[in-house]
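Colleague: Structure: start_16.txt, compact mmCIF, N, CA and C atoms and all ligand atoms.
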```txt
# COMPACT_ATOMS: atom_id res chain seq x y z
N MET Q 81 -14.98 0.20 1.84
CA MET Q 81 -14.30 -0.50 2.93
C MET Q 81 -14.19 0.42 4.13
N LYS Q 82 -14.71 -0.03 5.24
CA LYS Q 82 -14.61 0.77 6.46
C LYS Q 82 -13.82 0.02 7.52
N ASN Q 83 -13.12 0.77 8.32
CA ASN Q 83 -12.37 0.14 9.41
C ASN Q 83 -13.27 0.00 10.63
N ARG Q 84 -12.71 -0.51 11.70
CA ARG Q 84 -13.53 -0.76 12.90
C ARG Q 84 -14.12 0.51 13.48
N ALA Q 85 -13.44 1.63 13.25
CA ALA Q 85 -13.97 2.89 13.77
C ALA Q 85 -15.08 3.43 12.87
N GLY Q 86 -15.41 2.69 11.79
CA GLY Q 86 -16.50 3.08 10.91
C GLY Q 86 -16.12 4.17 9.93
N LYS Q 87 -14.86 4.45 9.82
CA LYS Q 87 -14.41 5.48 8.88
C LYS Q 87 -13.90 4.83 7.61
N SER Q 88 -14.13 5.50 6.51
CA SER Q 88 -13.65 4.94 5.26
C SER Q 88 -12.16 5.23 5.05
N GLU Q 89 -11.67 6.27 5.70
CA GLU Q 89 -10.22 6.55 5.63
C GLU Q 89 -9.56 5.87 6.82
N TYR Q 90 -8.46 5.22 6.56
CA TYR Q 90 -7.79 4.47 7.62
C TYR Q 90 -7.06 5.37 8.58
N LEU Q 91 -7.20 5.06 9.86
CA LEU Q 91 -6.43 5.75 10.87
C LEU Q 91 -4.98 5.35 10.70
N ARG Q 92 -4.13 6.28 10.94
CA ARG Q 92 -2.71 5.98 10.85
C ARG Q 92 -2.02 6.45 12.11
N PHE Q 93 -1.21 5.60 12.64
CA PHE Q 93 -0.37 5.97 13.77
C PHE Q 93 1.06 6.01 13.26
N VAL Q 94 1.81 6.95 13.74
CA VAL Q 94 3.21 7.05 13.34
C VAL Q 94 4.06 6.64 14.53
N ALA Q 95 5.03 5.82 14.30
CA ALA Q 95 5.91 5.37 15.37
C ALA Q 95 7.34 5.36 14.89
N ASP Q 96 8.23 5.63 15.81
CA ASP Q 96 9.65 5.51 15.50
C ASP Q 96 10.16 4.22 16.09
N VAL Q 97 11.16 3.70 15.49
CA VAL Q 97 11.81 2.51 16.05
C VAL Q 97 12.82 3.00 17.07
N ASN Q 98 12.63 2.61 18.34
CA ASN Q 98 13.55 2.98 19.41
C ASN Q 98 14.30 1.75 19.86
N SER Q 99 15.61 1.86 19.87
CA SER Q 99 16.45 0.74 20.31
C SER Q 99 16.03 -0.53 19.58
N MET Q 100 15.72 -0.37 18.32
CA MET Q 100 15.35 -1.51 17.48
C MET Q 100 14.13 -2.26 18.00
N ALA Q 101 13.22 -1.51 18.65
CA ALA Q 101 11.96 -2.10 19.08
C ALA Q 101 10.83 -1.17 18.66
N LEU Q 102 9.67 -1.72 18.46
CA LEU Q 102 8.51 -0.93 18.05
C LEU Q 102 7.42 -1.11 19.09
N MET Q 103 6.96 0.00 19.65
CA MET Q 103 5.86 -0.05 20.61
C MET Q 103 4.57 0.30 19.87
N ILE Q 104 3.54 -0.49 20.07
CA ILE Q 104 2.24 -0.19 19.48
C ILE Q 104 1.34 0.33 20.59
N PRO Q 105 0.83 1.58 20.44
CA PRO Q 105 0.01 2.16 21.50
C PRO Q 105 -1.24 1.32 21.78
N GLY Q 106 -1.65 1.32 23.05
CA GLY Q 106 -2.84 0.57 23.45
C GLY Q 106 -4.07 0.97 22.66
N ALA Q 107 -4.18 2.25 22.32
CA ALA Q 107 -5.35 2.72 21.56
C ALA Q 107 -5.43 2.03 20.20
N ALA Q 108 -4.27 1.84 19.58
CA ALA Q 108 -4.24 1.18 18.27
C ALA Q 108 -4.61 -0.29 18.41
N LEU Q 109 -4.10 -0.92 19.46
CA LEU Q 109 -4.43 -2.34 19.69
C LEU Q 109 -5.93 -2.50 19.92
N LYS Q 110 -6.49 -1.57 20.69
CA LYS Q 110 -7.92 -1.62 21.00
C LYS Q 110 -8.74 -1.43 19.73
N LEU Q 111 -8.36 -0.47 18.88
CA LEU Q 111 -9.08 -0.23 17.63
C LEU Q 111 -9.07 -1.46 16.73
N SER Q 112 -8.01 -2.24 16.81
CA SER Q 112 -7.91 -3.44 15.98
C SER Q 112 -8.60 -4.63 16.61
N GLY Q 113 -9.16 -4.42 17.79
CA GLY Q 113 -9.88 -5.51 18.44
C GLY Q 113 -8.96 -6.51 19.11
N PHE Q 114 -7.74 -6.09 19.39
CA PHE Q 114 -6.80 -6.98 20.09
C PHE Q 114 -7.10 -6.89 21.58
N GLY Q 115 -7.38 -8.02 22.20
CA GLY Q 115 -7.63 -8.04 23.64
C GLY Q 115 -6.34 -7.87 24.42
N GLU Q 116 -6.49 -7.59 25.73
CA GLU Q 116 -5.30 -7.34 26.56
C GLU Q 116 -4.37 -8.55 26.64
N GLN Q 117 -4.94 -9.72 26.59
CA GLN Q 117 -4.12 -10.93 26.71
C GLN Q 117 -3.89 -11.58 25.34
N GLU Q 118 -4.18 -10.83 24.29
CA GLU Q 118 -4.07 -11.38 22.94
C GLU Q 118 -2.62 -11.76 22.62
N GLN Q 119 -2.45 -12.92 22.07
CA GLN Q 119 -1.14 -13.28 21.56
C GLN Q 119 -1.08 -12.81 20.11
N LEU Q 120 0.02 -12.17 19.77
CA LEU Q 120 0.15 -11.62 18.44
C LEU Q 120 1.23 -12.35 17.65
N GLU Q 121 1.05 -12.30 16.37
CA GLU Q 121 2.06 -12.84 15.46
C GLU Q 121 2.42 -11.69 14.52
N TYR Q 122 3.69 -11.49 14.30
CA TYR Q 122 4.05 -10.46 13.32
C TYR Q 122 4.92 -11.05 12.24
N ARG Q 123 4.75 -10.49 11.07
CA ARG Q 123 5.47 -10.98 9.90
C ARG Q 123 6.31 -9.86 9.32
N PRO Q 124 7.61 -9.90 9.54
CA PRO Q 124 8.46 -8.90 8.92
C PRO Q 124 8.62 -9.22 7.44
N LEU Q 125 8.07 -8.38 6.61
CA LEU Q 125 8.14 -8.54 5.16
C LEU Q 125 8.97 -7.40 4.59
N GLU Q 126 9.19 -7.39 3.30
CA GLU Q 126 9.99 -6.33 2.70
C GLU Q 126 9.21 -5.02 2.73
N ASP Q 127 9.71 -4.03 3.43
CA ASP Q 127 9.15 -2.68 3.57
C ASP Q 127 7.83 -2.62 4.33
N VAL Q 128 7.46 -3.68 5.02
CA VAL Q 128 6.24 -3.67 5.82
C VAL Q 128 6.32 -4.77 6.89
N ILE Q 129 5.71 -4.50 8.04
CA ILE Q 129 5.55 -5.53 9.06
C ILE Q 129 4.06 -5.68 9.32
N VAL Q 130 3.56 -6.89 9.25
CA VAL Q 130 2.14 -7.14 9.48
C VAL Q 130 2.00 -7.78 10.86
N VAL Q 131 1.09 -7.23 11.67
CA VAL Q 131 0.80 -7.79 13.00
C VAL Q 131 -0.59 -8.41 12.95
N LEU Q 132 -0.66 -9.68 13.29
CA LEU Q 132 -1.93 -10.41 13.27
C LEU Q 132 -2.21 -10.97 14.66
N LYS Q 133 -3.49 -11.28 14.91
CA LYS Q 133 -3.81 -12.08 16.10
C LYS Q 133 -3.19 -13.45 15.85
N LYS Q 134 -2.60 -14.02 16.89
CA LYS Q 134 -1.99 -15.33 16.72
C LYS Q 134 -3.05 -16.40 16.48
N HIS Q 135 -4.21 -16.22 17.12
CA HIS Q 135 -5.31 -17.17 16.95
C HIS Q 135 -6.50 -16.41 16.39
N MET Q 136 -7.05 -16.89 15.30
CA MET Q 136 -8.19 -16.22 14.68
C MET Q 136 -9.26 -17.23 14.30
N THR Q 137 -10.51 -16.78 14.39
CA THR Q 137 -11.63 -17.56 13.86
C THR Q 137 -11.66 -17.34 12.35
N ALA Q 138 -12.47 -18.12 11.66
CA ALA Q 138 -12.60 -17.93 10.21
C ALA Q 138 -13.06 -16.52 9.86
N PRO Q 139 -14.11 -15.99 10.54
CA PRO Q 139 -14.51 -14.60 10.22
C PRO Q 139 -13.39 -13.59 10.50
N GLU Q 140 -12.65 -13.78 11.60
CA GLU Q 140 -11.55 -12.87 11.90
C GLU Q 140 -10.47 -12.94 10.83
N LEU Q 141 -10.15 -14.16 10.40
CA LEU Q 141 -9.13 -14.34 9.36
C LEU Q 141 -9.56 -13.67 8.06
N LEU Q 142 -10.82 -13.85 7.69
CA LEU Q 142 -11.30 -13.24 6.45
C LEU Q 142 -11.32 -11.72 6.55
N THR Q 143 -11.69 -11.21 7.73
CA THR Q 143 -11.67 -9.76 7.93
C THR Q 143 -10.24 -9.25 7.82
N ALA Q 144 -9.29 -9.95 8.45
CA ALA Q 144 -7.88 -9.53 8.39
C ALA Q 144 -7.38 -9.52 6.94
N ALA Q 145 -7.70 -10.57 6.20
CA ALA Q 145 -7.26 -10.64 4.79
C ALA Q 145 -7.89 -9.51 3.99
N ASP Q 146 -9.17 -9.25 4.24
CA ASP Q 146 -9.87 -8.18 3.54
C ASP Q 146 -9.24 -6.82 3.86
N GLN Q 147 -8.88 -6.61 5.12
CA GLN Q 147 -8.27 -5.34 5.53
C GLN Q 147 -6.89 -5.17 4.90
N LEU Q 148 -6.11 -6.26 4.82
CA LEU Q 148 -4.80 -6.18 4.17
C LEU Q 148 -4.97 -5.82 2.70
N HIS Q 149 -5.96 -6.42 2.06
CA HIS Q 149 -6.23 -6.11 0.65
C HIS Q 149 -6.59 -4.63 0.51
N ALA Q 150 -7.43 -4.13 1.43
CA ALA Q 150 -7.85 -2.73 1.36
C ALA Q 150 -6.66 -1.79 1.53
N VAL Q 151 -5.73 -2.17 2.39
CA VAL Q 151 -4.52 -1.35 2.56
C VAL Q 151 -3.72 -1.33 1.26
N ALA Q 152 -3.59 -2.49 0.61
CA ALA Q 152 -2.86 -2.55 -0.66
C ALA Q 152 -3.54 -1.66 -1.69
N VAL Q 153 -4.86 -1.72 -1.78
CA VAL Q 153 -5.59 -0.89 -2.73
C VAL Q 153 -5.36 0.59 -2.43
N SER Q 154 -5.39 0.94 -1.15
CA SER Q 154 -5.20 2.36 -0.81
C SER Q 154 -3.78 2.82 -1.15
N LEU Q 155 -2.80 1.93 -1.02
CA LEU Q 155 -1.43 2.30 -1.40
C LEU Q 155 -1.31 2.48 -2.92
N TYR Q 156 -1.94 1.59 -3.68
CA TYR Q 156 -1.94 1.75 -5.14
C TYR Q 156 -2.64 3.05 -5.53
N ASN Q 157 -3.76 3.36 -4.86
CA ASN Q 157 -4.47 4.61 -5.15
C ASN Q 157 -3.59 5.82 -4.84
N HIS Q 158 -2.86 5.73 -3.74
CA HIS Q 158 -1.96 6.83 -3.38
C HIS Q 158 -0.93 7.06 -4.48
N LEU Q 159 -0.31 5.97 -4.93
CA LEU Q 159 0.71 6.11 -5.98
C LEU Q 159 0.09 6.64 -7.27
N SER Q 160 -1.14 6.21 -7.57
CA SER Q 160 -1.83 6.73 -8.76
C SER Q 160 -2.01 8.24 -8.68
N LYS Q 161 -2.39 8.72 -7.48
CA LYS Q 161 -2.58 10.16 -7.30
C LYS Q 161 -1.25 10.90 -7.43
N VAL Q 162 -0.18 10.32 -6.88
CA VAL Q 162 1.14 10.95 -6.96
C VAL Q 162 1.56 11.08 -8.43
N CYS Q 163 1.34 10.02 -9.20
CA CYS Q 163 1.74 10.04 -10.62
C CYS Q 163 0.80 10.92 -11.45
N GLY Q 164 -0.45 10.95 -11.07
CA GLY Q 164 -1.42 11.77 -11.78
C GLY Q 164 -1.88 11.12 -13.07
N PRO Q 165 -2.91 11.72 -13.68
CA PRO Q 165 -3.43 11.18 -14.93
C PRO Q 165 -2.48 11.48 -16.09
N CYS Q 166 -2.48 10.59 -17.07
CA CYS Q 166 -1.67 10.84 -18.25
C CYS Q 166 -2.41 11.83 -19.14
N GLU Q 167 -1.77 12.95 -19.39
CA GLU Q 167 -2.37 13.96 -20.27
C GLU Q 167 -1.47 14.16 -21.47
N GLY Q 168 -1.00 13.03 -22.00
CA GLY Q 168 -0.14 13.12 -23.18
C GLY Q 168 1.29 13.49 -22.83
N CYS Q 169 1.57 13.58 -21.54
CA CYS Q 169 2.90 13.95 -21.04
C CYS Q 169 3.32 15.33 -21.54
N GLU Q 170 4.49 15.71 -21.18
CA GLU Q 170 4.98 17.07 -21.40
C GLU Q 170 5.14 17.40 -22.88
N ASP Q 171 5.56 16.43 -23.68
CA ASP Q 171 5.95 16.75 -25.06
C ASP Q 171 4.77 16.87 -26.03
N GLY Q 172 3.56 16.82 -25.50
CA GLY Q 172 2.39 17.15 -26.31
C GLY Q 172 2.16 16.26 -27.52
N GLU Q 173 2.72 16.64 -28.67
CA GLU Q 173 2.38 15.97 -29.93
C GLU Q 173 2.63 14.47 -29.92
N GLU Q 174 3.74 14.08 -29.33
CA GLU Q 174 4.08 12.66 -29.36
C GLU Q 174 3.30 11.86 -28.33
N GLY Q 175 2.68 12.54 -27.38
CA GLY Q 175 1.88 11.84 -26.38
C GLY Q 175 2.75 11.12 -25.37
N CYS Q 176 2.08 10.40 -24.50
CA CYS Q 176 2.79 9.66 -23.47
C CYS Q 176 3.61 8.55 -24.12
N PRO Q 177 4.87 8.43 -23.75
CA PRO Q 177 5.70 7.38 -24.35
C PRO Q 177 5.21 5.98 -24.00
N TYR Q 178 4.25 5.90 -23.10
CA TYR Q 178 3.77 4.58 -22.69
C TYR Q 178 2.36 4.30 -23.18
N ASP Q 179 1.92 5.03 -24.20
CA ASP Q 179 0.60 4.76 -24.76
C ASP Q 179 0.53 3.34 -25.31
N ASP Q 180 1.62 2.90 -25.91
CA ASP Q 180 1.67 1.54 -26.43
C ASP Q 180 2.38 0.67 -25.41
N LEU Q 181 1.57 -0.14 -24.71
CA LEU Q 181 2.11 -0.88 -23.57
C LEU Q 181 2.87 -2.15 -23.94
N GLU Q 182 2.83 -2.54 -25.19
CA GLU Q 182 3.35 -3.87 -25.52
C GLU Q 182 4.81 -4.06 -25.16
N ASP Q 183 5.63 -3.02 -25.35
CA ASP Q 183 7.05 -3.18 -25.06
C ASP Q 183 7.45 -2.56 -23.73
N THR Q 184 6.44 -2.17 -22.97
CA THR Q 184 6.74 -1.43 -21.75
C THR Q 184 7.22 -2.34 -20.63
N ASN Q 185 8.26 -1.90 -19.98
CA ASN Q 185 8.79 -2.61 -18.83
C ASN Q 185 9.23 -1.57 -17.82
N ILE Q 186 8.48 -1.43 -16.75
CA ILE Q 186 8.81 -0.41 -15.75
C ILE Q 186 9.30 -1.11 -14.49
N GLY Q 187 10.58 -0.95 -14.25
CA GLY Q 187 11.15 -1.53 -13.03
C GLY Q 187 10.78 -2.99 -12.89
N ASP Q 188 10.40 -3.35 -11.69
CA ASP Q 188 10.02 -4.73 -11.40
C ASP Q 188 8.51 -4.89 -11.35
N LEU Q 189 7.78 -3.96 -11.92
CA LEU Q 189 6.32 -4.02 -11.85
C LEU Q 189 5.78 -5.23 -12.60
N PRO Q 190 4.96 -6.04 -11.91
CA PRO Q 190 4.33 -7.15 -12.62
C PRO Q 190 3.41 -6.62 -13.71
N PRO Q 191 3.32 -7.31 -14.85
CA PRO Q 191 2.50 -6.83 -15.98
C PRO Q 191 1.04 -6.55 -15.59
N ASP Q 192 0.46 -7.37 -14.73
CA ASP Q 192 -0.93 -7.14 -14.31
C ASP Q 192 -1.09 -5.80 -13.60
N LEU Q 193 -0.12 -5.48 -12.75
CA LEU Q 193 -0.17 -4.23 -12.01
C LEU Q 193 0.03 -3.04 -12.96
N LEU Q 194 0.95 -3.20 -13.89
CA LEU Q 194 1.19 -2.17 -14.89
C LEU Q 194 -0.08 -1.92 -15.71
N ASP Q 195 -0.74 -3.00 -16.11
CA ASP Q 195 -2.00 -2.87 -16.86
C ASP Q 195 -3.05 -2.14 -16.03
N ALA Q 196 -3.11 -2.46 -14.74
CA ALA Q 196 -4.11 -1.82 -13.87
C ALA Q 196 -3.86 -0.32 -13.78
N PHE Q 197 -2.60 0.08 -13.64
CA PHE Q 197 -2.27 1.52 -13.61
C PHE Q 197 -2.63 2.17 -14.94
N ALA Q 198 -2.32 1.48 -16.04
CA ALA Q 198 -2.62 2.03 -17.37
C ALA Q 198 -4.12 2.18 -17.57
N GLU Q 199 -4.88 1.15 -17.18
CA GLU Q 199 -6.34 1.20 -17.34
C GLU Q 199 -6.96 2.30 -16.49
N ALA Q 200 -6.31 2.60 -15.35
CA ALA Q 200 -6.82 3.68 -14.49
C ALA Q 200 -6.43 5.06 -15.02
N GLY Q 201 -5.67 5.09 -16.11
CA GLY Q 201 -5.31 6.37 -16.72
C GLY Q 201 -4.12 7.03 -16.06
N VAL Q 202 -3.41 6.28 -15.24
CA VAL Q 202 -2.24 6.83 -14.56
C VAL Q 202 -1.12 7.05 -15.58
N CYS Q 203 -0.41 8.15 -15.45
CA CYS Q 203 0.69 8.42 -16.37
C CYS Q 203 1.85 7.47 -16.07
N LEU Q 204 2.11 6.56 -16.98
CA LEU Q 204 3.16 5.57 -16.76
C LEU Q 204 4.54 6.19 -16.93
N GLY Q 205 4.61 7.32 -17.63
CA GLY Q 205 5.87 8.05 -17.73
C GLY Q 205 6.28 8.56 -16.35
N GLU Q 206 5.30 9.13 -15.62
CA GLU Q 206 5.56 9.60 -14.25
C GLU Q 206 5.93 8.44 -13.34
N LEU Q 207 5.19 7.35 -13.50
CA LEU Q 207 5.45 6.17 -12.67
C LEU Q 207 6.88 5.69 -12.88
N GLU Q 208 7.29 5.62 -14.13
CA GLU Q 208 8.65 5.18 -14.41
C GLU Q 208 9.69 6.12 -13.79
N GLU Q 209 9.41 7.44 -13.87
CA GLU Q 209 10.32 8.42 -13.27
C GLU Q 209 10.53 8.12 -11.78
N HIS Q 210 9.40 7.88 -11.07
CA HIS Q 210 9.50 7.60 -9.63
C HIS Q 210 10.21 6.28 -9.37
N MET Q 211 10.02 5.32 -10.24
CA MET Q 211 10.69 4.02 -10.08
C MET Q 211 12.20 4.18 -10.27
N ILE Q 212 12.60 5.03 -11.22
CA ILE Q 212 14.02 5.22 -11.50
C ILE Q 212 14.66 6.08 -10.41
N LEU Q 213 14.00 7.20 -10.06
CA LEU Q 213 14.57 8.13 -9.08
C LEU Q 213 14.55 7.55 -7.66
N GLU Q 214 13.59 6.66 -7.40
CA GLU Q 214 13.40 6.12 -6.04
C GLU Q 214 13.23 7.25 -5.03
N ASP Q 215 12.50 8.30 -5.45
CA ASP Q 215 12.22 9.41 -4.55
C ASP Q 215 11.07 9.02 -3.61
N THR Q 216 10.90 9.79 -2.55
CA THR Q 216 9.84 9.49 -1.59
C THR Q 216 8.50 9.88 -2.19
N VAL Q 217 7.58 8.93 -2.27
CA VAL Q 217 6.25 9.20 -2.80
C VAL Q 217 5.17 9.02 -1.73
N TYR Q 218 5.58 8.66 -0.53
CA TYR Q 218 4.61 8.43 0.56
C TYR Q 218 5.20 9.00 1.84
N GLY Q 219 4.34 9.71 2.57
CA GLY Q 219 4.76 10.19 3.89
C GLY Q 219 5.58 11.46 3.87
N ASN Q 220 5.47 12.22 2.77
CA ASN Q 220 6.20 13.50 2.78
C ASN Q 220 5.25 14.66 2.74
ZN ZN C 301 1.91 10.09 -19.61
```
Could I get this structure in the form of C-alpha cells?

Modeller:
Amino acid sequence: MKNRAGKSEYLRFVADVNSMALMIPGAALKLSGFGEQEQLEYRPLEDVIVVLKKHMTAPELLTAADQLHAVAVSLYNHLSKVCGPCEGCEDGEEGCPYDDLEDTNIGDLPPDLLDAFAEAGVCLGELEEHMILEDTVYGN
C-alpha cells in the first residue's frame, strides 16, 4: 500500500489542539488531494477523527476506504511490534499462558482480532498486560 506521495510508510503530521480547534496544514491537505475549495466532512469517532472529502466519486470513495483500512492494518502491526513475538513468555517451562486460546478473553478485543494476533505469533500475555495497564503504546 502506497500513499499519494508514493511512499509505503505513511507521512504523519503532528498537531496540537488549540482552543479546542484543529488546524490541518495546507501541505497535508494538498498531499491528500484536497482542493482549495474542497468541502470536507469529518467524523469524530472514539480516539480518532476521520476527515473525508464531502463529495467523492466512486474511485475516490474506494481509495479513501482502502487508505482507512491500510491505516488500521498499520496500527495493528504497530501494536504487534510493541507486544513482540511470543517466546514462551518469561516463565519458560509453562510457556505462554495464552497458548490455549479457547478460554482467552483479553479486554474488549473481538475474538477475530485476538485470533489474528495469535496467528501472527504476537505474545498475547504482553498484549493483555498493555490492555490492563493502559500504558502508552503509540507515540512515545
Ligand atoms: Zn507469550

Colleague: In Å, with one decimal, what is the gap from atom N of Q:Val153 to atom C of Q:Asp188?

Modeller: 16.7 Å

Colleague: Atom N of Q:Glu206 and atom CA of Q:Cys169, how far apart in Å?

Modeller: 7.6 Å

Colleague: Residues within 5 Å of ligand ZN 301 (chain C) (all atoms listed in the file), as a tab-separated table (two decimals) with N, CA and C atoms, keeping the file's coordinate frame?

Modeller:
```tsv
chain	number	residue	atom	x	y	z
Q	166	CYS	N	-2.48	10.59	-17.07
Q	166	CYS	CA	-1.67	10.84	-18.25
Q	166	CYS	C	-2.41	11.83	-19.14
Q	167	GLU	N	-1.77	12.95	-19.39
Q	167	GLU	CA	-2.37	13.96	-20.27
Q	167	GLU	C	-1.47	14.16	-21.47
Q	168	GLY	N	-1.00	13.03	-22.00
Q	168	GLY	CA	-0.14	13.12	-23.18
Q	168	GLY	C	1.29	13.49	-22.83
Q	169	CYS	N	1.57	13.58	-21.54
Q	169	CYS	CA	2.90	13.95	-21.04
Q	169	CYS	C	3.32	15.33	-21.54
Q	176	CYS	N	2.08	10.40	-24.50
Q	176	CYS	CA	2.79	9.66	-23.47
Q	176	CYS	C	3.61	8.55	-24.12
Q	203	CYS	N	-0.41	8.15	-15.45
Q	203	CYS	CA	0.69	8.42	-16.37
Q	203	CYS	C	1.85	7.47	-16.07
Q	204	LEU	N	2.11	6.56	-16.98
Q	204	LEU	CA	3.16	5.57	-16.76
Q	204	LEU	C	4.54	6.19	-16.93
Q	205	GLY	N	4.61	7.32	-17.63
Q	205	GLY	CA	5.87	8.05	-17.73
Q	205	GLY	C	6.28	8.56	-16.35
```

Colleague: In Å, how far is it from atom CA of Q:Ala101 to atom N of Q:Phe114?

Modeller: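 Taking atom CA of Q:Ala101 and atom N of Q:Phe114, their separation equals 20.1 Å.
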
Colleague: Which parts of stretch 111-189 of chain Q does DSSP call strand (DSSP E) when run on the backbone here, written out as a PyMOL selection string?

Modeller: chain Q and resi 120-125+128-133

Colleague: Quick one: of Q:Gly106, Q:Glu209, Q:Tyr156, Q:Val151, who's nearest to Q:Tyr90, counting only C-alpha atoms?

Modeller: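 For Q:Tyr90, the nearest of the candidates is Q:Val151.
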
Colleague: Contacts of Q:Gln119 at 6.5 Å or less, counting all atoms listed in the file, minus same-chain residues fewer than 2 places along, as a PyMOL selection string?

Modeller: chain Q and resi 117+121+132-135

Colleague: Hey, can I get the axis-aligned box for stretch 103-107 of chain Q? All listed atoms, 6 Å padding on each side, centre and edge lengths in Å to one decimal, as AutoDock Vina command-line options.

Modeller:
```
--center_x 0.8 --center_y 1.1 --center_z 21.5 --size_x 24.4 --size_y 15.2 --size_z 16.0
```

Colleague: Let's see if you can do this: from backbone DSSP, list all helix (DSSP H, G or I) residues in chain Q, as an NGL selection string.

Modeller: :Q and (106-111 or 138-163 or 172-174 or 181-183 or 191-199 or 204-213)
